[in-house]
$ cat target.txt   # compact mmCIF, C-alpha atoms
# COMPACT_ATOMS: atom_id res chain seq x y z
CA MET A 1 -1.21 -15.76 10.04
CA ASN A 2 -4.46 -17.53 10.84
CA THR A 3 -6.49 -15.80 13.52
CA THR A 4 -9.88 -14.47 14.52
CA PRO A 5 -10.77 -10.76 14.48
CA ALA A 6 -11.17 -10.77 18.28
CA TYR A 7 -7.66 -12.14 18.81
CA LEU A 8 -6.20 -9.64 16.35
CA PHE A 9 -7.81 -6.65 18.07
CA ARG A 10 -6.57 -7.79 21.47
CA LYS A 11 -3.07 -8.51 20.23
CA VAL A 12 -2.65 -5.11 18.61
CA SER A 13 -3.79 -3.38 21.82
CA ASP A 14 -1.50 -5.50 24.03
CA PRO A 15 -0.08 -3.26 26.81
CA GLU A 16 3.30 -4.95 26.37
CA GLY A 17 3.66 -3.40 22.93
CA ALA A 18 2.25 -3.52 19.41
CA PRO A 19 3.15 -6.58 17.33
CA THR A 20 4.22 -6.74 13.72
CA ILE A 21 1.50 -8.52 11.73
CA LEU A 22 2.69 -10.77 8.90
CA TYR A 23 -0.32 -11.85 6.87
CA ASP A 24 0.31 -14.38 4.09
CA GLU A 25 -2.31 -15.46 1.53
CA ILE A 26 -4.25 -12.30 2.29
CA ASP A 27 -6.23 -12.80 -0.92
CA THR A 28 -8.16 -15.58 0.84
CA VAL A 29 -9.26 -13.10 3.51
CA PHE A 30 -10.69 -10.67 0.95
CA GLY A 31 -11.89 -13.20 -1.59
CA PRO A 32 -15.44 -14.55 -2.05
CA LYS A 33 -15.95 -14.71 1.74
CA ALA A 34 -14.79 -11.13 2.35
CA LYS A 35 -18.01 -10.28 4.18
CA ASP A 36 -16.87 -12.59 6.99
CA ASN A 37 -13.73 -10.49 7.51
CA GLU A 38 -15.04 -6.93 7.53
CA ASP A 39 -13.75 -6.45 11.09
CA ILE A 40 -10.21 -7.33 10.00
CA ARG A 41 -10.49 -5.08 6.98
CA GLY A 42 -11.73 -2.21 9.13
CA MET A 43 -8.85 -2.57 11.57
CA LEU A 44 -6.26 -2.71 8.78
CA ASN A 45 -7.80 0.37 7.16
CA ALA A 46 -7.63 2.36 10.40
CA GLY A 47 -4.32 0.98 11.58
CA HIS A 48 -2.07 2.60 8.97
CA ARG A 49 -2.05 5.86 10.99
CA LYS A 50 -0.43 6.21 14.41
CA GLY A 51 -2.95 6.89 17.13
CA ALA A 52 -5.82 5.21 15.29
CA ILE A 53 -8.37 3.38 17.42
CA ALA A 54 -11.13 0.84 16.82
CA GLY A 55 -14.35 0.97 18.83
CA ARG A 56 -15.93 -2.25 20.03
CA CYS A 57 -18.73 -3.41 22.32
CA VAL A 58 -17.87 -5.80 25.15
CA VAL A 59 -20.45 -7.89 26.99
CA ARG A 60 -19.70 -8.43 30.67
CA GLY A 61 -22.49 -10.43 32.22
CA LYS A 62 -25.66 -8.52 31.44
CA ILE A 63 -23.84 -5.26 30.82
CA VAL A 64 -22.78 -4.09 27.37
CA GLU A 65 -19.87 -1.67 27.50
CA THR A 66 -17.96 0.19 24.82
CA GLU A 67 -14.20 0.32 24.60
CA GLU A 68 -11.63 1.85 22.28
CA LEU A 69 -8.70 -0.32 21.28
CA PRO A 70 -5.49 0.87 19.59
CA ALA A 71 -5.40 -0.24 15.96
CA TYR A 72 -1.95 0.97 14.88
CA CYS A 73 0.91 -1.42 14.25
CA ALA A 74 3.31 -2.51 11.52
CA VAL A 75 1.69 -4.79 8.92
CA ALA A 76 3.05 -6.74 5.95
CA LEU A 77 0.54 -8.39 3.61
CA ALA A 78 1.32 -10.91 0.87
CA GLY A 79 -1.11 -12.45 -1.59
CA LEU A 80 -2.26 -12.89 -5.14
CA ASP A 81 -3.89 -10.14 -7.19
CA ASP A 82 -4.88 -6.76 -5.79
CA LEU A 83 -6.38 -6.04 -2.40
CA PRO A 84 -9.44 -3.81 -1.86
CA ASP A 85 -8.83 -0.20 -2.94
CA THR A 86 -9.07 1.01 0.65
CA LEU A 87 -6.07 -1.13 1.58
CA MET A 88 -4.07 -0.56 -1.59
CA SER A 89 -4.17 3.21 -1.10
CA ARG A 90 -2.82 2.80 2.43
CA SER A 91 0.04 0.50 1.47
CA LEU A 92 3.50 0.52 -0.01
CA VAL A 93 2.95 -1.82 -2.93
CA SER A 94 5.87 -3.97 -4.07
CA ARG A 95 4.82 -6.31 -6.87
CA MET A 96 6.62 -9.61 -7.10
CA ARG A 97 7.41 -11.73 -10.13
CA ARG A 98 8.26 -15.37 -10.47
CA ARG A 99 12.01 -15.89 -10.30
CA ALA A 100 13.59 -16.61 -13.68
CA PRO A 101 15.84 -19.66 -14.19
CA SER A 102 18.77 -17.28 -14.64
CA GLU A 103 18.25 -15.72 -11.21
CA PRO A 104 19.73 -18.09 -8.60
CA VAL A 105 19.24 -17.28 -4.93
CA GLU A 106 20.61 -18.79 -1.77
CA PRO A 107 17.91 -20.94 -0.15
CA TRP A 108 16.61 -19.94 3.28
CA ARG A 109 16.90 -22.67 5.90
CA HIS A 110 15.63 -21.76 9.34
CA ARG A 111 18.09 -23.97 11.19
CA ILE A 112 21.05 -22.52 9.28
CA ASN A 113 20.05 -18.88 8.72
CA ALA A 114 17.98 -18.09 11.81
CA PRO A 115 21.02 -17.25 14.03
CA ASP A 116 22.13 -14.58 11.55
CA ALA A 117 18.58 -13.25 11.38
CA TYR A 118 18.37 -13.03 15.18
CA LEU A 119 21.59 -11.03 15.34
CA LEU A 120 20.30 -8.67 12.66
CA ARG A 121 17.04 -8.32 14.57
CA ASP A 122 18.89 -7.47 17.77
CA ARG A 123 20.99 -4.86 16.00
CA LEU A 124 17.89 -3.21 14.55
CA ALA A 125 16.13 -3.27 17.91
CA ALA A 126 19.11 -1.64 19.62
CA TRP A 127 19.35 1.04 16.95
CA ALA A 128 15.61 1.73 17.07
CA GLY A 129 15.74 2.17 20.82
CA ALA A 130 18.58 4.66 20.51
CA VAL A 131 16.82 6.89 17.95
CA ARG A 132 13.26 6.59 19.25
CA ASP A 133 13.05 10.12 20.63
CA ARG A 134 14.59 11.68 17.53
CA ALA A 135 12.25 9.72 15.29
CA ALA A 136 9.19 11.08 17.09
CA GLU A 137 10.30 14.64 16.29
CA SER A 138 11.33 13.95 12.69
CA TRP A 139 9.62 15.67 9.74
CA PRO A 140 11.24 14.21 6.62
CA ASP A 141 11.16 16.13 3.34
CA MET A 142 8.96 14.49 0.71
CA PRO A 143 10.27 14.07 -2.84
CA THR A 144 8.30 15.48 -5.74
CA GLY A 145 5.44 13.17 -6.69
CA VAL A 146 4.92 11.75 -3.19
CA GLU A 147 1.98 13.62 -1.68
CA ASP A 148 -1.36 13.27 0.09
CA ARG A 149 -1.91 9.73 1.37
CA ASP A 150 1.28 8.50 -0.28
CA ALA A 151 3.19 11.01 1.84
CA ASP A 152 1.41 9.79 4.98
CA VAL A 153 2.39 6.22 4.22
CA TRP A 154 6.02 6.97 3.33
CA GLU A 155 6.70 9.43 6.15
CA ALA A 156 7.80 6.84 8.71
CA LEU A 157 10.17 5.04 6.33
CA LEU A 158 11.77 8.27 5.15
CA ALA A 159 12.25 9.33 8.76
CA VAL A 160 14.02 6.04 9.46
CA ALA A 161 16.20 6.51 6.37
CA ASP A 162 17.19 10.02 7.48
CA LEU A 163 18.15 8.74 10.92
CA ALA A 164 20.18 5.92 9.39
CA GLY A 165 22.18 8.42 7.33
CA GLY A 166 24.70 7.48 4.67
CA HIS A 167 23.15 6.36 1.38
CA TRP A 168 19.76 5.57 2.93
CA PRO A 169 18.04 8.99 2.64
CA ASP A 170 18.75 9.21 -1.10
CA ASP A 171 17.95 5.56 -1.78
CA ALA A 172 14.69 5.72 0.18
CA ARG A 173 13.45 8.78 -1.72
CA ARG A 174 14.32 7.29 -5.08
CA SER A 175 12.46 4.14 -4.08
CA ALA A 176 9.47 6.18 -2.91
CA VAL A 177 9.19 8.05 -6.20
CA ALA A 178 9.58 4.86 -8.24
CA LEU A 179 7.07 2.79 -6.25
CA VAL A 180 4.49 5.56 -6.09
CA ALA A 181 4.79 6.03 -9.85
CA ALA A 182 4.42 2.27 -10.34
CA SER A 183 1.28 2.18 -8.18
CA LYS A 184 -0.27 4.98 -10.22
CA ALA A 185 0.53 3.08 -13.40
CA GLY A 186 -1.55 0.10 -12.33
CA GLY A 187 -4.96 -0.53 -13.82
CA PRO A 188 -7.71 1.85 -12.69
CA SER A 189 -10.52 0.80 -10.39
CA VAL A 190 -13.73 -0.45 -12.01
CA GLY A 191 -15.44 2.87 -11.32
CA VAL A 192 -12.68 4.94 -12.90
CA LEU A 193 -12.58 2.57 -15.88
CA LEU A 194 -16.32 3.10 -16.34
CA LEU A 195 -15.87 6.88 -16.35
CA HIS A 196 -13.06 6.53 -18.88
CA ASP A 197 -15.07 4.34 -21.23
CA ILE A 198 -18.15 6.56 -21.02
CA ARG A 199 -16.06 9.61 -21.86
CA ALA A 200 -14.71 7.80 -24.91
CA ILE A 201 -18.25 6.83 -25.98
CA PHE A 202 -19.54 10.40 -25.69
CA SER A 203 -16.56 11.54 -27.75
CA ASP A 204 -17.10 8.89 -30.45
CA GLN A 205 -20.82 9.54 -30.67
CA GLY A 206 -20.40 13.31 -30.79
CA GLU A 207 -23.54 13.76 -28.70
CA ASP A 208 -24.31 15.61 -25.47
CA ARG A 209 -27.01 13.11 -24.49
CA LEU A 210 -27.12 9.33 -24.73
CA VAL A 211 -30.00 7.04 -23.83
CA THR A 212 -29.12 4.25 -21.42
CA ASP A 213 -29.65 1.42 -23.93
CA LEU A 214 -27.25 2.97 -26.43
CA LEU A 215 -24.67 3.66 -23.74
CA LEU A 216 -24.85 0.07 -22.48
CA THR A 217 -24.56 -1.33 -26.01
CA ASN A 218 -21.39 0.67 -26.59
CA LEU A 219 -19.93 -0.28 -23.22
CA LYS A 220 -20.46 -3.99 -23.84
CA GLY A 221 -18.81 -3.58 -27.23
CA ILE A 222 -15.47 -2.56 -25.71
CA GLU A 223 -13.52 -5.82 -25.90
CA GLU A 224 -10.86 -5.05 -23.29
CA SER A 225 -13.32 -3.82 -20.66
CA PRO A 226 -15.37 -6.08 -18.36
CA TRP A 227 -18.87 -4.72 -19.08
CA ALA A 228 -19.98 -7.67 -21.23
CA SER A 229 -19.57 -10.07 -18.26
CA ILE A 230 -19.22 -7.86 -15.20
CA LYS A 231 -21.65 -9.76 -12.96
CA ARG A 232 -20.68 -12.82 -10.93
CA ASP A 233 -22.86 -15.04 -13.11
CA GLY A 234 -21.13 -13.74 -16.25
CA LYS A 235 -24.03 -11.53 -17.34
CA PRO A 236 -23.41 -8.04 -18.75
CA LEU A 237 -23.83 -4.68 -17.08
CA ASP A 238 -27.48 -3.58 -17.04
CA ALA A 239 -29.25 -0.26 -16.49
CA ARG A 240 -29.60 -0.80 -12.75
CA GLY A 241 -25.94 -1.71 -12.31
CA LEU A 242 -24.88 1.28 -14.39
CA ALA A 243 -26.99 3.61 -12.26
CA GLN A 244 -25.54 2.19 -9.04
CA ARG A 245 -21.96 2.56 -10.18
CA LEU A 246 -22.41 6.09 -11.49
CA GLY A 247 -24.38 7.09 -8.40
CA LYS A 248 -21.16 6.86 -6.38
CA TYR A 249 -19.91 9.85 -8.38
CA GLY A 250 -23.12 11.84 -8.03
CA ILE A 251 -24.22 11.06 -11.59
CA LYS A 252 -27.89 10.18 -12.15
CA SER A 253 -29.92 9.29 -15.22
CA ARG A 254 -32.43 11.72 -16.65
CA ASN A 255 -35.66 11.48 -18.58
CA MET A 256 -35.24 12.05 -22.32
CA ARG A 257 -37.64 12.12 -25.25
CA ASN A 258 -36.83 10.38 -28.48
CA PRO A 259 -38.07 11.60 -31.90
CA SER A 260 -41.31 9.65 -31.42
CA ASP A 261 -41.93 11.57 -28.16
CA LYS A 262 -41.31 8.47 -26.02
CA VAL A 263 -39.71 9.07 -22.63
CA LEU A 264 -36.47 7.12 -22.09
CA LYS A 265 -33.77 7.10 -19.45
CA GLY A 266 -30.34 8.43 -20.38
CA TYR A 267 -27.31 10.43 -19.36
CA VAL A 268 -26.06 13.94 -20.12
CA ARG A 269 -22.42 14.71 -20.85
CA ALA A 270 -22.45 17.78 -18.57
CA ASP A 271 -23.25 15.60 -15.55
CA PHE A 272 -19.94 13.75 -16.01
CA THR A 273 -17.71 16.82 -16.30
CA ASP A 274 -16.88 17.09 -12.61
CA ALA A 275 -16.12 13.38 -12.17
CA TRP A 276 -13.99 13.32 -15.33
CA SER A 277 -11.94 16.27 -14.10
CA ARG A 278 -11.34 14.64 -10.71
CA TYR A 279 -10.64 11.03 -11.66
CA LEU A 280 -9.34 11.07 -15.24
CA THR A 281 -6.35 12.64 -16.91
CA ASP A 282 -6.44 14.24 -20.32
CA ASP A 283 -5.12 12.14 -23.20
CA ALA A 284 -1.96 14.22 -23.59
CA SER A 285 -0.90 13.82 -19.95
CA ALA A 286 -1.72 10.12 -20.10
CA GLU A 287 0.60 9.72 -23.09
CA ARG A 288 3.38 11.55 -21.22
CA GLN A 289 2.84 9.27 -18.23
CA ASP A 290 3.09 6.20 -20.47
CA ASP A 291 6.38 7.50 -21.86
CA ASN A 292 7.76 7.91 -18.36
CA LEU A 293 6.64 4.41 -17.46
CA GLY A 294 8.95 3.09 -20.13
CA GLN A 295 11.78 3.84 -17.70
CA SER A 296 10.59 0.88 -15.58
CA PRO A 297 10.13 2.48 -12.16
CA ILE A 298 9.99 -0.89 -10.44
CA GLU A 299 13.45 -1.75 -11.70
CA SER A 300 14.64 1.68 -10.57
CA ALA A 301 13.28 1.05 -7.09
CA THR A 302 15.05 -2.29 -6.93
CA ALA A 303 18.29 -0.75 -8.09
CA ALA A 304 17.92 2.02 -5.53
CA THR A 305 17.67 -0.39 -2.61
CA PRO A 306 21.09 -1.78 -1.64
CA LEU A 307 19.56 -4.94 -0.24
CA HIS A 308 22.10 -7.32 -1.73
CA ARG A 309 24.99 -5.13 -0.59
CA GLU A 310 23.58 -5.05 2.93
CA LEU A 311 22.94 -8.80 3.10
CA ASN A 312 26.38 -9.64 1.75
CA GLY A 313 27.97 -7.62 4.52
CA HIS A 314 25.85 -8.49 7.50
CA ARG A 315 27.61 -11.77 8.28
CA ALA A 316 30.97 -10.01 8.50
CA ALA A 317 29.32 -7.39 10.70
CA ASN A 318 27.99 -10.09 12.99
CA ALA A 319 31.46 -11.59 13.26
CA ALA A 320 32.77 -8.15 14.23
CA TYR A 321 30.02 -7.90 16.82
CA THR A 322 31.02 -11.21 18.36
CA ALA A 323 34.63 -10.05 18.55
CA GLY A 324 33.61 -6.73 20.11
CA LEU A 325 34.68 -4.69 17.07
CA CYS A 326 32.99 -1.77 15.34
CA ARG A 327 30.88 -3.14 12.50
CA ASP A 328 31.61 -0.10 10.33
CA CYS A 329 35.38 0.27 10.44
CA GLY A 330 36.61 -2.83 12.30
CA GLU A 331 38.13 -0.91 15.22
CA ARG A 332 37.49 -2.02 18.81
CA PRO A 333 34.71 0.01 20.50
CA PRO A 334 35.69 2.64 23.08
CA SER A 335 35.43 2.23 26.81
CA ALA A 336 32.06 1.94 28.56
CA GLY A 337 30.00 5.09 28.48
CA ARG A 338 31.24 6.17 25.03
CA PRO A 339 29.03 4.60 22.36
CA ARG A 340 30.76 6.24 19.39
CA CYS A 341 33.73 4.74 17.60
CA ASP A 342 36.93 6.80 17.92
CA GLU A 343 37.87 5.90 14.36
CA CYS A 344 34.71 6.35 12.26
CA HIS A 345 32.69 8.36 14.83
CA ARG A 346 29.57 6.28 14.18
CA VAL A 347 27.45 4.85 16.97
CA HIS A 348 28.14 1.20 17.66
CA SER A 349 25.01 -0.88 17.08
CA ASN A 350 26.06 -3.23 19.90
CA MET A 351 26.55 -0.39 22.39
CA MET A 352 23.97 2.25 21.52
CA ALA A 353 21.09 0.89 23.62
CA GLY A 354 20.55 3.21 26.55
CA TYR A 355 22.66 6.06 25.15
CA ASP A 356 21.54 9.37 23.66
CA GLN A 357 23.14 10.29 20.37

$ encode --input "target.txt" --output "structure tokens"
Amino acid sequence: MNTTPAYLFRKVSDPEGAPTILYDEIDTVFGPKAKDNEDIRGMLNAGHRKGAIAGRCVVRGKIVETEELPAYCAVALAGLDDLPDTLMSRSLVSRMRRRAPSEPVEPWRHRINAPDAYLLRDRLAAWAGAVRDRAAESWPDMPTGVEDRDADVWEALLAVADLAGGHWPDDARRSAVALVAASKAGGPSVGVLLLHDIRAIFSDQGEDRLVTDLLLTNLKGIEESPWASIKRDGKPLDARGLAQRLGKYGIKSRNMRNPSDKVLKGYVRADFTDAWSRYLTDDASAERQDDNLGQSPIESATAATPLHRELNGHRAANAAYTAGLCRDCGERPPSAGRPRCDECHRVHSNMMAGYDQ
């Protein structure tokens, strides 16, 4: 998708219905020129929740008016590396890997495969229309480990899975647990990494107070952390940058006196206690989490999603649709006005539009 913020806002608030935004190469939007796309970022941040709005000023002649535009719609983003934290925490993150030579796939050709895709789209649209009212009243149960914002993000998908029935409710919850665990296993933000490294330095030094120069020296000495070249020009973290980053957690430097009675700036362990308790885990729980990660949650999520089984069967289902047969059991659908199959008692995807289940 290549568009301006103004177009995007208007499209999402279109009275004819919200679109589905497919944004490829999203890393270019939030790369070095991210400041030029703050409007898009703001809309995507707000739009993950139904009912969200975005306020804007509109100039009509010499009059400046305010208006509130709907910001909620379905969004799929694809790109390299991670997105801003505000977007990552509002997303279902599915990390992709380059396909191995031993993993052949059928190529997608629009001219050949598009007709099948259109039929699948029409089936999904018909089913969605039939369950719309039930979906609005659905309150799906959340699996253990999916809570807070993760629960907000997964709620709609789990509701859809429950309405679909069959294997979908179980598969969706297994996928939710696995993908949420995988997202937590990713590298921490720069701020959290700084808190982690400072805690380790206080522990190694065995002191309750550390002057800023000593703290910076130790930070830059950690080879696997970015502090030795954190700035855009490759320069190391300095006292001002350290103060700015820690200030976000309510941590400020203090005046300290060295043995020669000289006043220096430094930090006190006690000032970090609250931030450590909120953003860091203890070493024992971290080790347990690492052990659990050995089970490869991403592979579990892939195994839990019967995508290949569904795709292998959808062409046969489309053939049944063309012949007027039930896609689930192969029997001919009942007479008009009865959307359920007499044989399998499931609602026919090709007949359910306009019927209440």

$ closest_residue --input "target.txt" --among "A:Arg278, A:Arg49, A:Arg10, A:Arg232" --to "A:Arg149" --atoms "only C-alpha atoms"
A:Arg49

$ closest_residue --input "target.txt" --among "A:Gln205, A:Ser94, A:Ser277, A:Ser89" --to "A:Ser175" --atoms "only C-alpha atoms"
A:Ser94

$ residues_near_point --input "target.txt" --point "(1.3, 6.6, 5.5)" --cutoff "8 Å" --atoms "all atoms listed in the file" --output "VMD selection string"
chain A and resid 48 to 49 90 to 91 149 to 156

$ write_last_selection --input "target.txt" --atoms "C-alpha atoms" --output "tab-separated table (two decimals), keeping the file's coordinate frame"
chain	number	residue	atom	x	y	z
A	48	HIS	CA	-2.07	2.60	8.97
A	49	ARG	CA	-2.05	5.86	10.99
A	90	ARG	CA	-2.82	2.80	2.43
A	91	SER	CA	0.04	0.50	1.47
A	149	ARG	CA	-1.91	9.73	1.37
A	150	ASP	CA	1.28	8.50	-0.28
A	151	ALA	CA	3.19	11.01	1.84
A	152	ASP	CA	1.41	9.79	4.98
A	153	VAL	CA	2.39	6.22	4.22
A	154	TRP	CA	6.02	6.97	3.33
A	155	GLU	CA	6.70	9.43	6.15
A	156	ALA	CA	7.80	6.84	8.71

$ residues_around --input "target.txt" --residues "A:Gly250" --least-positions-apart "4" --cutoff "12 Å" --atoms "all atoms listed in the file" --output "list in words"
Ala243, Gln244, Arg245, Leu246, Asp271, Phe272, Thr273, Asp274, Ala275 and Trp276 of chain A

$ write_last_selection --input "target.txt" --atoms "C-alpha atoms" --output "short mmCIF file (atom, residue, chain, number, x, y, z; two decimals), in the frame of the given file"
data_model
loop_
_atom_site.label_atom_id
_atom_site.label_comp_id
_atom_site.auth_asym_id
_atom_site.auth_seq_id
_atom_site.Cartn_x
_atom_site.Cartn_y
_atom_site.Cartn_z
CA ALA A 243 -26.99 3.61 -12.26
CA GLN A 244 -25.54 2.19 -9.04
CA ARG A 245 -21.96 2.56 -10.18
CA LEU A 246 -22.41 6.09 -11.49
CA ASP A 271 -23.25 15.60 -15.55
CA PHE A 272 -19.94 13.75 -16.01
CA THR A 273 -17.71 16.82 -16.30
CA ASP A 274 -16.88 17.09 -12.61
CA ALA A 275 -16.12 13.38 -12.17
CA TRP A 276 -13.99 13.32 -15.33
#

$ closest_atom_pairs --input "target.txt" --of "stretch 202-223 of chain A" --to "stretch 182-194 of chain A" --cutoff "12 Å" --atoms "only C-alpha atoms" --output "Markdown table"
| residue | atom | partner | partner_atom | distance |
| --- | --- | --- | --- | --- |
| A:Leu215 | CA | A:Leu194 | CA | 11.2 |
| A:Leu216 | CA | A:Leu194 | CA | 10.9 |
| A:Asn218 | CA | A:Leu194 | CA | 11.7 |
| A:Leu219 | CA | A:Leu194 | CA | 8.5 |
| A:Lys220 | CA | A:Leu194 | CA | 11.1 |
| A:Ile222 | CA | A:Leu194 | CA | 11.0 |

$ closest_residue --input "target.txt" --among "A:Val58, A:Leu237, A:Cys73, A:Leu119" --to "A:Ala46" --atoms "all atoms listed in the file"
A:Cys73

$ atom_distance --input "target.txt" --atom1 "atom CA of A:Gly221" --atom2 "atom CA of A:Asn258"
22.8 Å

$ atom_distance --input "target.txt" --atom1 "atom CA of A:Phe30" --atom2 "atom CA of A:Asp238"
25.6 Å

$ residues_around --input "target.txt" --residues "A:Val75" --least-positions-apart "3" --cutoff "7 Å" --atoms "only C-alpha atoms" --output "PDB file with C-alpha atoms, keeping the file's coordinate frame"
ATOM      1  CA  THR A  20       4.220  -6.740  13.720  1.00  0.00           C
ATOM      2  CA  ILE A  21       1.500  -8.520  11.730  1.00  0.00           C
ATOM      3  CA  LEU A  22       2.690 -10.770   8.900  1.00  0.00           C
TER       4      LEU A  22
END

$ atom_distance --input "target.txt" --atom1 "atom CA of A:Leu69" --atom2 "atom CA of A:Met43"
10.0 Å

$ closest_residue --input "target.txt" --among "A:Asp170, A:Asn37, A:Pro70, A:Gly206" --to "A:Ala18" --atoms "only C-alpha atoms"
A:Pro70

$ residues_around --input "target.txt" --residues "A:Asp24" --least-positions-apart "4" --cutoff "12 Å" --atoms "all atoms listed in the file" --output "ChimeraX atom specification"
/A:1-3,28-29,75-80

$ closest_residue --input "target.txt" --among "A:Ala54, A:Ala239, A:Met96, A:Ala125" --to "A:Lys252" --atoms "only C-alpha atoms"
A:Ala239

$ closest_residue --input "target.txt" --among "A:Asn45, A:Pro115, A:Arg99, A:Pro107" --to "A:Asp85" --atoms "all atoms listed in the file"
A:Asn45

$ residues_around --input "target.txt" --residues "A:Lys265" --least-positions-apart "3" --cutoff "9 Å" --atoms "only C-alpha atoms" --output "list in words"
Leu210, Val211, Thr212, Asp213, Ser253, Arg254, Asn255, Met256 and Arg257 of chain A
